[in-house]
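Working notes, beginning with the structure itself.
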Amino acid sequence: MASGYNLRNGVSGMTRREFLHAGAGSLAALAAAGLPGLTRAASAPGPNMVFILSDDHRWDHLGCMGHPFVKTPSMDRLASQGVIFENAFVATSLCSPSRACFLTGQYPHTHGVRNNITPWNDRNVTFLELLKKAGYDTAFIGKWHMPGSGLPRLRGVDRFVSFTAERGQGRYLDCPLYVDGRWRESRREYITEELTDYAIEFIDARRDRPFCLYLAHKAVHHQWTAPEPFKGMYDRISDLKLPPEADPWVGLVDNNITYGMLGRLPDLYRRYCETITALDSEMGRLLEALDSRGLGENTIVVYAGDNGFLWGEHHRVDKRWAYEESIRIPFIVRYPRLVNRPGTRIGDMVLNVDLAPTLLDLAGKAPPRTMEGLSFAPFLSSRQVSWRSAWLYECFKDYPYTVPDIFAVRTRTHKYVETDSPCHPPELYDIVDDPKERRNLVGTEAGANALPALKRELDRLKKEAGII
Ligand SMILES: [Ca+2]
């Protein structure tokens, strides 16, 4: 195996507890110790926070990540002013579980939203609740879409704007909204513009405290829809660079006949791409609102996707599977007060469960031990830290989709995947030599060399998680 696999590079035995005890993750502790540039007077307000979450935007569909034609100038600018994590992943590649991961800092098997069926537990603690206790004004604006009885009773949220149309998915045009307990008609025809308006109104509210805004867009989930002037903007591109194994027609999505997408793959893909650019434009409007009000310097802006999307790779369309296109997300952080090398690209592996502990850390609050993620704050100021070199991916059955239960370990160089279905035998990929995961190494000599350590690591991660 050309890339070489060894325990030192591929697998780390460091648990979250060991990481924290080693002092690697606490920016708050460094500030308390008086490290220059990190201290803040006790009475000084913490940084503002804006977390922007999109839906199904996969990691490589940004201009700054090398996409051949999708235009994302606002996201590119955000990355050039901050840092971009090039290896960012979700613990489960599905809307509801991933959203709960971002909010709680916990894995799906812990927060309980294992798929789009098992309900959100109102006892779950979100970073919004903890930041509210720390003196923040907080807002949840946008897509909730978690199983359960309608909308949640989130503690510690001052402003709550969401929707339930289309089984919680909302819709792109004329989407009714639930605003602080009352239903309202949409003021704008297009949902991304409507949610951005609410976000800017929240930023503009008079206050003497810092704010934390959670802004979750419907875009870029299907049924992809872009307004003028974005609609049709990629129709003239003849070579879409779709994978060679892609089927030209999309019928069933992960074998779900009730929620499928019918149509030609290139047409659907063009709609996806133009919806990304429409989202980018509204992100630009929000960033401009922050900067024009002089809030850019002291505001942490994070942009992430809730999961990736397969566009024909491995003969599949949609997500859930453990392939890179599905589990990998865009992840950009801008915070001028801390980022000392704007434009830095970071290769270490961060997860959606890392967001909540990081925001708490940046607010000067120690993340609770119930959170399973790590604070990536040290990366923002170019500090060298010990970091995870392996992590657990999990996916639980989601009726009526036919994707099996999946557990996988992803290291810096490899991925090993197990399922509970004999129809889907184990898979092992060398991500360095074979980034498109086209050569399953199980049963090969190279695979035989790598497999024992990866199996041990997967078992260790599952035991640590309490799964076995
Ligand atoms: Ca999603």
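By convention in this document, the chains of the structure tokens carry letters A, B, ... by their order, each chain's residues are numbered from 1, and ligands are numbered from 1 in the order they are shown.
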> Do you know which residues are at most 9 Å from range 266-270 of chain A counting only C-alpha atoms, after dropping those on the same chain fewer than 3 positions away, and could you put them as a ChimeraX atom specification?
Replying inline: /A:222-224,232-235,237,240,242,248-250,261-263,273-275,311
> Got a sec to tell me which of range 223-403 of chain A DSSP assigns to alpha helix (DSSP H), as a ChimeraX atom specification?
Replying inline: /A:265-292,324-327,355-362,377-380
> Within 9 Å of ligand 1, counting only C-alpha atoms and all ligand atoms, which protein or nucleic acid residues do you find, written as a list in words?
Replying inline: Ser54, Asp55, Asp56, His57, Ser93, Leu94, Cys95, Ser96, Ser98, Arg99, Lys218, Val220, His221, Gly305, Asp306, Asn307, Gly308, Phe309 and Lys319 of chain A
Write a file of the selected residues as a PDB file, in the first residue's frame, keeping C-alpha atoms.
ATOM      1  CA  SER A  54     -27.081  24.755   4.922  1.00  0.00           C
ATOM      2  CA  ASP A  55     -28.744  21.543   3.877  1.00  0.00           C
ATOM      3  CA  ASP A  56     -27.075  18.854   1.754  1.00  0.00           C
ATOM      4  CA  HIS A  57     -24.243  21.124   0.552  1.00  0.00           C
ATOM      5  CA  SER A  93     -25.000  11.892   7.168  1.00  0.00           C
ATOM      6  CA  LEU A  94     -28.644  12.762   7.547  1.00  0.00           C
ATOM      7  CA  CYS A  95     -30.481  16.033   8.218  1.00  0.00           C
ATOM      8  CA  SER A  96     -32.115  15.457  11.599  1.00  0.00           C
ATOM      9  CA  SER A  98     -26.712  15.973  12.128  1.00  0.00           C
ATOM     10  CA  ARG A  99     -28.638  19.062  13.222  1.00  0.00           C
ATOM     11  CA  LYS A 218     -33.708  25.152   3.705  1.00  0.00           C
ATOM     12  CA  VAL A 220     -29.803  23.472  -0.732  1.00  0.00           C
ATOM     13  CA  HIS A 221     -32.124  20.505  -0.068  1.00  0.00           C
ATOM     14  CA  GLY A 305     -23.433  21.934   5.751  1.00  0.00           C
ATOM     15  CA  ASP A 306     -25.502  19.342   7.616  1.00  0.00           C
ATOM     16  CA  ASN A 307     -24.342  16.475   5.373  1.00  0.00           C
ATOM     17  CA  GLY A 308     -22.998  15.873   1.911  1.00  0.00           C
ATOM     18  CA  PHE A 309     -24.725  14.438  -1.135  1.00  0.00           C
ATOM     19  CA  LYS A 319     -26.763  10.535   1.446  1.00  0.00           C
TER      20      LYS A 319
END
>> Let's see if you can do this: from backbone DSSP, list all strand (DSSP E) residues in range 69-268 of chain A, as a PyMOL selection string.
In response: chain A and resi 83-89+137-142+159-162+177-179+182-184+211-216+249-250+263-264
>> Under the rule that only C-alpha atoms are counted, which of A:Val385, A:Pro425, A:His414, A:Arg58 is the nearest residue to Ser326 in chain A?
In response: A:Arg58
> For Ile346 in chain A, which of A:Ile84, A:Met75, A:Ile467, A:Leu286 is the closest residue, counting only C-alpha atoms?
Replying inline: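 The answer is A:Ile84, which sits nearest to Ile346 in chain A.
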>> List as number ranges by chain the protein and nucleic acid residues near Tyr429 in chain A, meaning an atom at most 12 Å away when only C-alpha atoms are counted, but skip any in the same chain fewer than 3 places from it.
In response: A: 1, 3, 5, 322-324, 408-417, 426, 432-444, 446-448, 450-451, 454
> What separation in Å, quoted to one decimal, exists between CA of Tyr272 in chain A and CA of His217 in chain A?
Replying inline: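 Atom-to-atom, CA of Tyr272 in chain A to CA of His217 in chain A, that is 14.2 Å.
The space separating CA of Pro422 in chain A from CA of Arg114 in chain A comes to 21.8 Å.
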> Quick one: distance from CA of Trp120 in chain A to CA of Arg388 in chain A in Å, one decimal?
Replying inline: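 If I compute the distance from CA of Trp120 in chain A to CA of Arg388 in chain A, I get 28.0 Å.
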>> Residues near Leu290 in chain A, anyone? I mean within 10 Å using only C-alpha atoms, not counting same-chain ones fewer than 5 positions away, as a ChimeraX atom specification.
In response: /A:50,200,203-204,284-285,295-299,301
> A:Pro227, A:Gly63, A:Pro119, A:Pro45: which is nearest Arg207 in chain A, counting only C-alpha atoms?
Replying inline: A:Pro45
>> Just want the 7 Å neighbourhood of Asp405 in chain A, counted on only C-alpha atoms, with same-chain residues fewer than 2 positions away dropped. Output as JSON, numbers by chain.
In response: {"A": [395, 396, 397, 403, 407, 419, 420]}
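Ranking A:Phe85, A:Tyr136, A:Phe163, A:Tyr172 by their shortest atom-to-atom distance to Ala219 in chain A, with only C-alpha atoms included, puts A:Tyr172 first.
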>> Can you tell me which residues surround Pro147 in chain A at a distance of at most 12 Å, considering only C-alpha atoms, apart from same-chain residues fewer than 4 positions away, and format the answer as a ChimeraX atom specification?
In response: /A:95-97,99-100,112-122,151-152,164,167-169,398
Contact table range 204-259 of chain A vs range 353-367 of chain A, cut-off 12 Å, shortest pair per residue, only C-alpha atoms, as JSON lines:
{"residue": "A:Pro210", "atom": "CA", "partner": "A:Ala363", "partner_atom": "CA", "distance": 9.8}
{"residue": "A:Phe211", "atom": "CA", "partner": "A:Ala363", "partner_atom": "CA", "distance": 10.8}
{"residue": "A:Cys212", "atom": "CA", "partner": "A:Leu359", "partner_atom": "CA", "distance": 9.4}
{"residue": "A:Leu213", "atom": "CA", "partner": "A:Leu359", "partner_atom": "CA", "distance": 11.5}
{"residue": "A:Tyr214", "atom": "CA", "partner": "A:Ala356", "partner_atom": "CA", "distance": 11.4}
Pull N, CA, C and O atoms from the residues just selected and write them as a PDB file, in the first residue's frame.
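Dumped everything to selection-v8.pdb:
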ATOM      1  N   PRO A 210     -23.814  40.287  24.048  1.00  0.00           N
ATOM      2  CA  PRO A 210     -23.447  39.633  22.782  1.00  0.00           C
ATOM      3  C   PRO A 210     -24.603  38.757  22.287  1.00  0.00           C
ATOM      4  O   PRO A 210     -25.492  38.393  23.061  1.00  0.00           O
ATOM      5  N   PHE A 211     -24.571  38.438  21.018  1.00  0.00           N
ATOM      6  CA  PHE A 211     -25.637  37.600  20.468  1.00  0.00           C
ATOM      7  C   PHE A 211     -25.081  36.340  19.834  1.00  0.00           C
ATOM      8  O   PHE A 211     -23.916  36.294  19.420  1.00  0.00           O
ATOM      9  N   CYS A 212     -25.928  35.326  19.806  1.00  0.00           N
ATOM     10  CA  CYS A 212     -25.612  34.087  19.103  1.00  0.00           C
ATOM     11  C   CYS A 212     -26.796  33.754  18.198  1.00  0.00           C
ATOM     12  O   CYS A 212     -27.911  33.561  18.681  1.00  0.00           O
ATOM     13  N   LEU A 213     -26.534  33.693  16.927  1.00  0.00           N
ATOM     14  CA  LEU A 213     -27.563  33.419  15.924  1.00  0.00           C
ATOM     15  C   LEU A 213     -27.314  32.053  15.300  1.00  0.00           C
ATOM     16  O   LEU A 213     -26.230  31.793  14.784  1.00  0.00           O
ATOM     17  N   TYR A 214     -28.327  31.208  15.356  1.00  0.00           N
ATOM     18  CA  TYR A 214     -28.315  29.912  14.658  1.00  0.00           C
ATOM     19  C   TYR A 214     -29.224  30.064  13.463  1.00  0.00           C
ATOM     20  O   TYR A 214     -30.435  30.244  13.626  1.00  0.00           O
TER      21      TYR A 214
END
>> I'd like the neighbourhood of Gln81 in chain A as an MDAnalysis selection string, where a residue qualifies if any of its atoms comes within 9 Å (using only C-alpha atoms), though same-chain residues fewer than 4 positions away should be ignored.
In response: chainID A and resid 76:77 333:336 339 341:344
